[in-house]
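Taking it in order: structure first as C-alpha coordinates, then the write-up.
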Amino acid sequence: MSTPSDEHGHDHPKHELSHYAKRIYAIRDLLVEKGVITEKDIQSQIEYQEARSPANGAKLVARAWVDAAFKARFIADPKAACAEMGIDATAINEFVVLENTERVRHMVVCTLCSCYPRPILGRPADWYKSFNYRQRSVADPRGVMSEFGLEVGDDVEVRVHDSTADIRYIVLPLRPKDTDGWSEADLAKLVTRDSMIGVMDPLSAAPE
(Lines give C-alpha, C1' and ligand atoms only; values in the text may rest on other atoms or scores of the structure.)
Protein backbone atom coordinates (compact mmCIF):
# COMPACT_ATOMS: atom_id res chain seq x y z
CA MET A 1 0.00 0.00 0.00
CA SER A 2 1.46 3.34 -1.00
CA THR A 3 1.77 6.29 1.37
CA PRO A 4 0.56 9.82 0.55
CA SER A 5 2.94 12.02 -1.43
CA ASP A 6 3.34 15.78 -1.32
CA GLU A 7 3.65 18.05 -4.34
CA HIS A 8 7.39 17.37 -4.51
CA GLY A 9 6.93 13.61 -4.74
CA HIS A 10 8.11 12.87 -1.18
CA ASP A 11 6.30 10.06 0.59
CA HIS A 12 5.11 10.57 4.16
CA PRO A 13 3.96 7.76 6.46
CA LYS A 14 0.35 8.18 7.53
CA HIS A 15 -0.40 8.67 11.26
CA GLU A 16 3.20 8.13 12.31
CA LEU A 17 3.44 8.08 16.13
CA SER A 18 6.33 9.17 18.30
CA HIS A 19 8.03 6.76 20.68
CA TYR A 20 6.18 8.24 23.66
CA ALA A 21 2.82 8.18 21.89
CA LYS A 22 3.29 4.50 21.11
CA ARG A 23 4.02 3.84 24.79
CA ILE A 24 0.87 5.71 25.85
CA TYR A 25 -1.29 3.68 23.47
CA ALA A 26 0.36 0.44 24.63
CA ILE A 27 -0.34 1.30 28.27
CA ARG A 28 -3.93 2.21 27.39
CA ASP A 29 -4.46 -1.10 25.59
CA LEU A 30 -2.96 -3.03 28.49
CA LEU A 31 -5.21 -1.29 31.04
CA VAL A 32 -8.26 -2.05 28.93
CA GLU A 33 -7.16 -5.67 28.45
CA LYS A 34 -6.70 -6.10 32.22
CA GLY A 35 -10.08 -4.57 32.95
CA VAL A 36 -8.68 -1.62 34.89
CA ILE A 37 -10.52 0.82 32.63
CA THR A 38 -12.90 0.51 29.71
CA GLU A 39 -13.08 2.18 26.32
CA LYS A 40 -16.20 3.94 27.61
CA ASP A 41 -14.21 5.35 30.55
CA ILE A 42 -11.60 6.71 28.17
CA GLN A 43 -14.19 8.28 25.87
CA SER A 44 -15.97 9.87 28.84
CA GLN A 45 -12.72 11.47 30.00
CA ILE A 46 -11.98 12.74 26.49
CA GLU A 47 -15.43 14.33 26.28
CA TYR A 48 -15.02 15.82 29.77
CA GLN A 49 -11.66 17.36 28.89
CA GLU A 50 -12.98 18.78 25.62
CA ALA A 51 -15.99 20.32 27.40
CA ARG A 52 -13.70 22.42 29.61
CA SER A 53 -13.14 25.69 27.81
CA PRO A 54 -13.32 29.47 28.34
CA ALA A 55 -16.94 29.22 27.20
CA ASN A 56 -17.75 27.93 30.69
CA GLY A 57 -16.31 31.03 32.30
CA ALA A 58 -18.00 33.27 29.76
CA LYS A 59 -21.40 31.78 30.67
CA LEU A 60 -20.77 32.46 34.36
CA VAL A 61 -19.67 36.03 33.76
CA ALA A 62 -22.60 36.80 31.47
CA ARG A 63 -25.07 35.44 34.02
CA ALA A 64 -23.44 37.52 36.76
CA TRP A 65 -23.77 40.63 34.59
CA VAL A 66 -27.52 40.23 34.18
CA ASP A 67 -28.50 38.61 37.48
CA ALA A 68 -27.43 40.42 40.67
CA ALA A 69 -28.55 37.55 42.90
CA PHE A 70 -26.50 35.05 40.91
CA LYS A 71 -23.53 37.41 40.99
CA ALA A 72 -23.71 37.50 44.79
CA ARG A 73 -23.85 33.69 44.94
CA PHE A 74 -21.02 33.41 42.41
CA ILE A 75 -18.77 35.58 44.57
CA ALA A 76 -19.82 33.99 47.87
CA ASP A 77 -19.76 30.33 46.76
CA PRO A 78 -18.28 29.97 43.25
CA LYS A 79 -18.45 26.19 43.08
CA ALA A 80 -22.12 26.13 43.99
CA ALA A 81 -22.83 28.82 41.40
CA CYS A 82 -20.95 26.75 38.82
CA ALA A 83 -23.13 23.75 39.66
CA GLU A 84 -26.22 25.91 39.03
CA MET A 85 -24.93 26.44 35.50
CA GLY A 86 -24.11 22.76 34.98
CA ILE A 87 -20.35 23.32 35.31
CA ASP A 88 -18.39 20.87 37.47
CA ALA A 89 -15.81 22.80 39.50
CA THR A 90 -15.48 20.22 42.28
CA ALA A 91 -11.91 19.37 41.21
CA ILE A 92 -10.80 22.84 42.31
CA ASN A 93 -9.78 22.89 45.97
CA GLU A 94 -10.58 26.55 46.67
CA PHE A 95 -12.06 28.84 44.04
CA VAL A 96 -12.17 32.64 44.34
CA VAL A 97 -13.97 35.20 42.17
CA LEU A 98 -12.21 38.57 41.86
CA GLU A 99 -14.59 41.35 40.87
CA ASN A 100 -13.16 44.21 38.85
CA THR A 101 -14.46 47.71 39.56
CA GLU A 102 -13.78 51.15 38.16
CA ARG A 103 -11.21 51.65 40.94
CA VAL A 104 -9.66 48.18 41.26
CA ARG A 105 -8.41 45.73 38.64
CA HIS A 106 -7.36 42.16 39.33
CA MET A 107 -4.80 40.08 37.48
CA VAL A 108 -4.00 36.38 37.96
CA VAL A 109 -0.66 34.59 37.66
CA CYS A 110 0.92 31.38 38.86
CA THR A 111 4.48 32.31 39.75
CA LEU A 112 5.61 28.70 40.26
CA CYS A 113 4.12 26.90 37.28
CA SER A 114 0.69 27.15 35.61
CA CYS A 115 -2.00 26.59 38.25
CA TYR A 116 -5.26 27.53 36.59
CA PRO A 117 -9.04 26.90 36.90
CA ARG A 118 -9.16 24.41 34.02
CA PRO A 119 -12.81 23.36 34.51
CA ILE A 120 -13.75 27.02 33.99
CA LEU A 121 -11.18 28.27 31.48
CA GLY A 122 -9.87 25.13 29.79
CA ARG A 123 -6.17 24.79 29.07
CA PRO A 124 -3.90 27.67 30.09
CA ALA A 125 -2.38 29.68 27.27
CA ASP A 126 1.31 29.19 26.51
CA TRP A 127 2.02 32.78 27.52
CA TYR A 128 0.40 32.17 30.92
CA LYS A 129 2.87 29.33 31.56
CA SER A 130 5.90 31.27 30.34
CA PHE A 131 8.62 32.43 32.72
CA ASN A 132 8.38 35.91 31.21
CA TYR A 133 4.74 36.33 32.22
CA ARG A 134 5.20 34.67 35.62
CA GLN A 135 8.03 37.05 36.47
CA ARG A 136 6.88 40.30 34.89
CA SER A 137 3.24 40.12 35.96
CA VAL A 138 4.41 40.55 39.55
CA ALA A 139 7.14 43.10 38.88
CA ASP A 140 5.28 45.21 36.30
CA PRO A 141 1.60 44.24 36.00
CA ARG A 142 0.62 47.52 34.32
CA GLY A 143 3.32 47.01 31.72
CA VAL A 144 2.07 43.51 30.98
CA MET A 145 -1.51 44.75 30.70
CA SER A 146 -0.34 47.47 28.33
CA GLU A 147 1.26 44.87 26.08
CA PHE A 148 -2.12 43.14 25.86
CA GLY A 149 -3.69 46.47 24.89
CA LEU A 150 -5.15 47.39 28.29
CA GLU A 151 -4.14 50.79 29.62
CA VAL A 152 -4.95 51.22 33.32
CA GLY A 153 -4.95 54.72 34.77
CA ASP A 154 -2.78 55.72 37.70
CA ASP A 155 -5.93 56.26 39.77
CA VAL A 156 -6.84 52.56 39.43
CA GLU A 157 -5.34 50.03 41.84
CA VAL A 158 -3.95 46.84 40.29
CA ARG A 159 -3.93 43.73 42.47
CA VAL A 160 -1.98 40.64 41.39
CA HIS A 161 -3.11 37.26 42.72
CA ASP A 162 -0.83 34.21 42.79
CA SER A 163 -2.70 31.04 41.86
CA THR A 164 -1.54 27.82 43.55
CA ALA A 165 -2.44 24.15 43.76
CA ASP A 166 -4.72 25.04 46.68
CA ILE A 167 -6.47 28.13 45.34
CA ARG A 168 -7.56 29.18 41.85
CA TYR A 169 -8.98 32.48 40.67
CA ILE A 170 -11.22 33.91 37.99
CA VAL A 171 -11.63 37.61 37.29
CA LEU A 172 -15.18 38.93 36.97
CA PRO A 173 -14.59 41.77 34.49
CA LEU A 174 -16.62 44.93 34.19
CA ARG A 175 -19.59 44.70 31.87
CA PRO A 176 -18.92 46.59 28.63
CA LYS A 177 -20.82 49.81 28.15
CA ASP A 178 -23.78 50.07 25.79
CA THR A 179 -24.91 46.49 26.39
CA ASP A 180 -28.18 47.20 28.20
CA GLY A 181 -30.84 44.77 27.08
CA TRP A 182 -28.36 42.29 25.61
CA SER A 183 -29.07 38.59 26.06
CA GLU A 184 -26.78 36.38 28.11
CA ALA A 185 -25.72 34.56 24.95
CA ASP A 186 -24.66 37.79 23.25
CA LEU A 187 -22.92 39.07 26.37
CA ALA A 188 -21.00 35.81 26.70
CA LYS A 189 -19.51 36.42 23.24
CA LEU A 190 -17.79 39.53 24.64
CA VAL A 191 -16.10 37.61 27.46
CA THR A 192 -12.62 36.36 26.56
CA ARG A 193 -10.27 34.05 28.38
CA ASP A 194 -7.79 36.90 28.81
CA SER A 195 -10.42 39.13 30.41
CA MET A 196 -11.05 36.39 33.00
CA ILE A 197 -7.32 36.29 33.76
CA GLY A 198 -7.33 40.06 34.05
CA VAL A 199 -4.83 41.10 31.39
CA MET A 200 -7.54 42.54 29.16
CA ASP A 201 -11.06 43.92 29.29
CA PRO A 202 -13.92 42.09 27.57
CA LEU A 203 -14.61 42.92 23.96
CA SER A 204 -16.46 46.16 23.35
CA ALA A 205 -20.02 46.29 22.11
CA ALA A 206 -20.13 46.70 18.35
CA PRO A 207 -21.09 50.21 17.23
CA GLU A 208 -24.59 50.75 15.88
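In the C-alpha coordinates, chains take the letters A, B, ... in the order shown, each chain's residues start at 1, and ligands count up from 1 in the order shown.
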
Inset, instruction - Name the residues of stretch 104-140 of chain A that fall into strand (DSSP E) according to DSSP on the backbone, using the chain letters and numbers of this document, as a list in words. - result: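 After running DSSP on the backbone, stretch 104-140 of chain A has strand (DSSP E) at Val104, Arg105, His106, Met107, Val108 and Val109 of chain A.
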
Inset, instruction - Using only C-alpha atoms, determine which residues lie at most 12 Å from A:Asp126, disregarding the query and same-chain residues fewer than 5 positions distant; provide the list as a list of chain:residue names. - result: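 These residues fall inside the cut-off: A:Cys113, A:Ser114, A:Phe131, A:Asn132, A:Tyr133, A:Arg134.
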
How about saving the chosen residues, all heavy atoms kept, as an mmCIF file, in the first residue's frame?
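Dumped to out32.cif:
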data_model
loop_
_atom_site.group_PDB
_atom_site.id
_atom_site.type_symbol
_atom_site.label_atom_id
_atom_site.label_comp_id
_atom_site.auth_asym_id
_atom_site.auth_seq_id
_atom_site.Cartn_x
_atom_site.Cartn_y
_atom_site.Cartn_z
ATOM 1 N N CYS A 113 4.286 27.767 38.456
ATOM 2 C CA CYS A 113 4.116 26.897 37.282
ATOM 3 C C CYS A 113 2.957 27.414 36.423
ATOM 4 O O CYS A 113 3.094 28.444 35.787
ATOM 5 C CB CYS A 113 3.904 25.440 37.705
ATOM 6 S SG CYS A 113 2.636 25.222 38.975
ATOM 7 N N SER A 114 1.816 26.708 36.442
ATOM 8 C CA SER A 114 0.688 27.154 35.609
ATOM 9 C C SER A 114 -0.646 26.771 36.252
ATOM 10 O O SER A 114 -1.568 26.349 35.556
ATOM 11 C CB SER A 114 0.792 26.544 34.206
ATOM 12 O OG SER A 114 0.806 25.122 34.283
ATOM 13 N N PHE A 131 7.875 31.798 31.635
ATOM 14 C CA PHE A 131 8.624 32.434 32.720
ATOM 15 C C PHE A 131 8.510 33.948 32.629
ATOM 16 O O PHE A 131 8.431 34.644 33.654
ATOM 17 C CB PHE A 131 10.099 32.016 32.654
ATOM 18 C CG PHE A 131 10.952 32.669 33.712
ATOM 19 C CD1 PHE A 131 10.898 32.260 35.032
ATOM 20 C CD2 PHE A 131 11.813 33.720 33.382
ATOM 21 C CE1 PHE A 131 11.663 32.872 36.010
ATOM 22 C CE2 PHE A 131 12.589 34.336 34.344
ATOM 23 C CZ PHE A 131 12.510 33.902 35.663
ATOM 24 N N ASN A 132 8.484 34.462 31.418
ATOM 25 C CA ASN A 132 8.383 35.906 31.209
ATOM 26 C C ASN A 132 7.130 36.467 31.881
ATOM 27 O O ASN A 132 7.188 37.455 32.621
ATOM 28 C CB ASN A 132 8.372 36.199 29.707
ATOM 29 C CG ASN A 132 8.384 37.691 29.400
ATOM 30 O OD1 ASN A 132 8.701 38.515 30.237
ATOM 31 N ND2 ASN A 132 8.029 38.034 28.172
ATOM 32 N N TYR A 133 5.984 35.850 31.614
ATOM 33 C CA TYR A 133 4.740 36.335 32.223
ATOM 34 C C TYR A 133 4.761 36.129 33.735
ATOM 35 O O TYR A 133 4.357 37.019 34.499
ATOM 36 C CB TYR A 133 3.536 35.606 31.618
ATOM 37 C CG TYR A 133 2.229 35.990 32.277
ATOM 38 C CD1 TYR A 133 1.627 37.213 31.995
ATOM 39 C CD2 TYR A 133 1.599 35.144 33.191
ATOM 40 C CE1 TYR A 133 0.439 37.597 32.612
ATOM 41 C CE2 TYR A 133 0.415 35.512 33.806
ATOM 42 C CZ TYR A 133 -0.155 36.735 33.516
ATOM 43 O OH TYR A 133 -1.333 37.096 34.139
ATOM 44 N N ARG A 134 5.209 34.974 34.184
ATOM 45 C CA ARG A 134 5.202 34.673 35.617
ATOM 46 C C ARG A 134 6.074 35.640 36.403
ATOM 47 O O ARG A 134 5.778 35.972 37.546
ATOM 48 C CB ARG A 134 5.657 33.227 35.840
ATOM 49 C CG ARG A 134 4.639 32.205 35.357
ATOM 50 C CD ARG A 134 4.998 30.789 35.718
ATOM 51 N NE ARG A 134 6.065 30.270 34.892
ATOM 52 C CZ ARG A 134 7.217 29.813 35.353
ATOM 53 N NH1 ARG A 134 7.490 29.851 36.647
ATOM 54 N NH2 ARG A 134 8.123 29.330 34.525
#

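Nearest to A:Tyr128 of all the residues A:Asn100, A:Ser53, A:Ser183, A:Ser163 is A:Ser163, based on only C-alpha atoms.
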
Inset, instruction - Determine, counting only C-alpha atoms, which protein, DNA and RNA residues have an atom within 9 Å of an atom of stretch 138-146 of chain A; residues of the same chain fewer than 6 positions away are not included. Present the result as JSON, numbers by chain. - result: {"A": [107, 109, 111, 152, 158, 159, 160, 161, 162, 198, 199, 200]}

Written file, previous selection with N, CA and C atoms, as a short mmCIF file (atom, residue, chain, number, x, y, z; two decimals), in the first residue's frame:
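Listed below is the output, selection-v6.cif:
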data_model
loop_
_atom_site.label_atom_id
_atom_site.label_comp_id
_atom_site.auth_asym_id
_atom_site.auth_seq_id
_atom_site.Cartn_x
_atom_site.Cartn_y
_atom_site.Cartn_z
N MET A 107 -5.57 40.81 38.49
CA MET A 107 -4.80 40.08 37.48
C MET A 107 -4.28 38.80 38.13
N VAL A 109 -1.90 35.22 38.13
CA VAL A 109 -0.66 34.59 37.66
C VAL A 109 -0.39 33.38 38.54
N THR A 111 3.05 32.02 39.82
CA THR A 111 4.48 32.31 39.75
C THR A 111 5.35 31.06 39.75
N VAL A 152 -4.30 50.98 32.03
CA VAL A 152 -4.95 51.22 33.32
C VAL A 152 -4.43 52.52 33.91
N VAL A 158 -4.12 48.14 40.93
CA VAL A 158 -3.95 46.84 40.29
C VAL A 158 -3.50 45.83 41.34
N ARG A 159 -4.27 44.77 41.51
CA ARG A 159 -3.93 43.73 42.47
C ARG A 159 -3.60 42.44 41.73
N VAL A 160 -2.43 41.87 42.02
CA VAL A 160 -1.98 40.64 41.39
C VAL A 160 -2.19 39.48 42.36
N HIS A 161 -2.80 38.41 41.89
CA HIS A 161 -3.11 37.26 42.72
C HIS A 161 -2.35 36.03 42.22
N ASP A 162 -1.67 35.36 43.13
CA ASP A 162 -0.83 34.21 42.79
C ASP A 162 -1.62 32.92 42.95
N GLY A 198 -7.50 38.69 33.60
CA GLY A 198 -7.33 40.06 34.05
C GLY A 198 -6.35 40.89 33.25
N VAL A 199 -5.80 40.34 32.18
CA VAL A 199 -4.83 41.10 31.39
C VAL A 199 -5.50 41.97 30.33
N MET A 200 -6.79 41.76 30.14
CA MET A 200 -7.54 42.54 29.16
C MET A 200 -8.95 42.79 29.68
#

Inset, instruction - List every residue of stretch 7-208 of chain A that DSSP, applied to the backbone of this structure, assigns to helix (DSSP H, G or I), and report them as a ChimeraX atom specification. - result: /A:19-33,39-51,54-66,68-76,78-84,118-121,126-129,131-139,141-147,184-188,193-197

Legend entry - Shortest interatomic distance to A:Ile75 - which of A:Trp182, A:Tyr25, A:Tyr116, A:Tyr169, counting only C-alpha atoms: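 With only C-alpha atoms as the atom set, the closest residue is A:Tyr169.
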
Inset, instruction - Record the distance separating atom CA of A:Glu184 and atom CA of A:Ala55, expressed in Å with one decimal. - result: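 Computing the Euclidean distance for atom CA of A:Glu184 and atom CA of A:Ala55 yields 12.2 Å.
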
Inset, instruction - For A:Thr164, list every protein, DNA or RNA residue within 8 Å, evaluated using only C-alpha atoms, and leave out those in the same chain fewer than 5 positions away; present the list as an MDAnalysis selection string. - result: chainID A and resid 110 112 115:116

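The smallest atom-to-atom distance between A:Lys79 and any of A:Ala26, A:Leu187, A:Ala62, A:Ile120, using only C-alpha atoms, is found for A:Ile120.
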
Inset, instruction - Find, counting only C-alpha atoms, the residue in A:Asp186, A:Glu102, A:Glu39, A:Asp178 that gets nearest to A:Gly153. - result: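 The closest residue to A:Gly153 is A:Glu102.
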
Inset, instruction - Choose the residue, out of A:Ser204, A:Ser195, A:Thr38, A:Asn93, that has the smallest atom-to-atom separation from A:Val61; count only C-alpha atoms. - result: A:Ser195

Inset, instruction - May I ask which of the residues A:Arg23, A:Arg73, A:His106, A:Arg193 is the closest one to A:Leu121, counting only C-alpha atoms? - result: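 Selected residue with least distance to A:Leu121: A:Arg193.
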